[in-house]
Amino acid sequence: MHVQLEFGGGAELLVGNVKQHSIELPAARASGEPWTISGLLQWIKTNMITERIELFLDGDSVRPGILVLVNDSDWELVGEGEYELEDGDTVVFISTLHGG
């Protein structure tokens, strides 16, 4: 399954300072379940974030201040972490947390 990931607003600093990532996921997770945003977050944690995971995740979800868009729609409108990913989806993570 092909998924496009985009990171902005400083979130890209957590993934090697690269804003766009094109990834291939197995058709189903190791558990046999379909890929959800929650599963994707764990995959990102394991495979992409190089340091300071606490700036991106809070438990099993993104921390407050990280906007998540799925195909240009707020993830709250599509089921948040329970949204089942489809081939060709674009998931965007934008940090609204800035130093001052």
# chains A, B, ... in the order shown; residues from 1 in each chain; ligands from 1
call {"tool": "residues_around", "arguments": {"residues": "Leu85 in chain A", "least_positions_apart": "2", "cutoff": "12 Å", "atoms": "only C-alpha atoms", "output": "ChimeraX atom specification"}}
result
/A:1-5,24-29,33-41,70-71,75,78-83,87-91
call {"tool": "atom_distance", "arguments": {"atom1": "CA of Ile94 in chain A", "atom2": "CA of Val68 in chain A"}}
result
6.6 Å
call {"tool": "select_by_dssp", "arguments": {"residues": "range 33-70 of chain A", "states": "strand (DSSP E or B)", "output": "mmCIF file with N, CA and C atoms, in the first residue's frame"}}
result
data_model
loop_
_atom_site.group_PDB
_atom_site.id
_atom_site.type_symbol
_atom_site.label_atom_id
_atom_site.label_comp_id
_atom_site.auth_asym_id
_atom_site.auth_seq_id
_atom_site.Cartn_x
_atom_site.Cartn_y
_atom_site.Cartn_z
ATOM 1 N N THR A 36 -4.500 1.464 10.035
ATOM 2 C CA THR A 36 -5.238 2.638 10.493
ATOM 3 C C THR A 36 -4.233 3.750 10.751
ATOM 4 N N LEU A 57 4.488 12.274 19.540
ATOM 5 C CA LEU A 57 3.464 11.382 20.090
ATOM 6 C C LEU A 57 3.245 11.626 21.574
ATOM 7 N N ASP A 58 1.992 11.450 21.980
ATOM 8 C CA ASP A 58 1.599 11.477 23.381
ATOM 9 C C ASP A 58 0.818 10.192 23.610
ATOM 10 N N SER A 61 -1.257 8.489 20.424
ATOM 11 C CA SER A 61 -1.783 9.461 19.470
ATOM 12 C C SER A 61 -0.785 10.599 19.311
ATOM 13 N N VAL A 62 -1.066 11.494 18.390
ATOM 14 C CA VAL A 62 -0.197 12.660 18.258
ATOM 15 C C VAL A 62 -0.421 13.562 19.460
ATOM 16 N N ILE A 66 -0.347 19.056 17.186
ATOM 17 C CA ILE A 66 -0.021 18.467 15.880
ATOM 18 C C ILE A 66 -1.337 18.292 15.123
ATOM 19 N N LEU A 67 -1.484 19.011 14.028
ATOM 20 C CA LEU A 67 -2.647 18.843 13.166
ATOM 21 C C LEU A 67 -2.416 17.659 12.246
ATOM 22 N N VAL A 68 -3.447 16.862 12.046
ATOM 23 C CA VAL A 68 -3.356 15.712 11.147
ATOM 24 C C VAL A 68 -4.433 15.873 10.080
ATOM 25 N N LEU A 69 -3.996 15.815 8.832
ATOM 26 C CA LEU A 69 -4.920 15.879 7.695
ATOM 27 C C LEU A 69 -4.807 14.586 6.909
ATOM 28 N N VAL A 70 -5.951 14.034 6.530
ATOM 29 C CA VAL A 70 -5.995 12.846 5.688
ATOM 30 C C VAL A 70 -6.671 13.263 4.390
#
call {"tool": "atom_distance", "arguments": {"atom1": "CA of Asn47 in chain A", "atom2": "CA of Val15 in chain A"}}
result
9.4 Å
call {"tool": "closest_residue", "arguments": {"among": "A:Val92, A:Thr46, A:Glu6, A:Ser31", "to": "Lys19 in chain A", "atoms": "only C-alpha atoms"}}
result
A:Glu6
call {"tool": "residues_around", "arguments": {"residues": "Ile49 in chain A", "least_positions_apart": "4", "cutoff": "8 Å", "atoms": "only C-alpha atoms", "output": "list in words"}}
result
Leu14, Val15, Gly16, Ile44, Lys45 and Ile53 of chain A
call {"tool": "closest_residue", "arguments": {"among": "A:Leu77, A:Glu86, A:Asp72, A:Phe7", "to": "Met48 in chain A", "atoms": "only C-alpha atoms"}}
result
A:Phe7
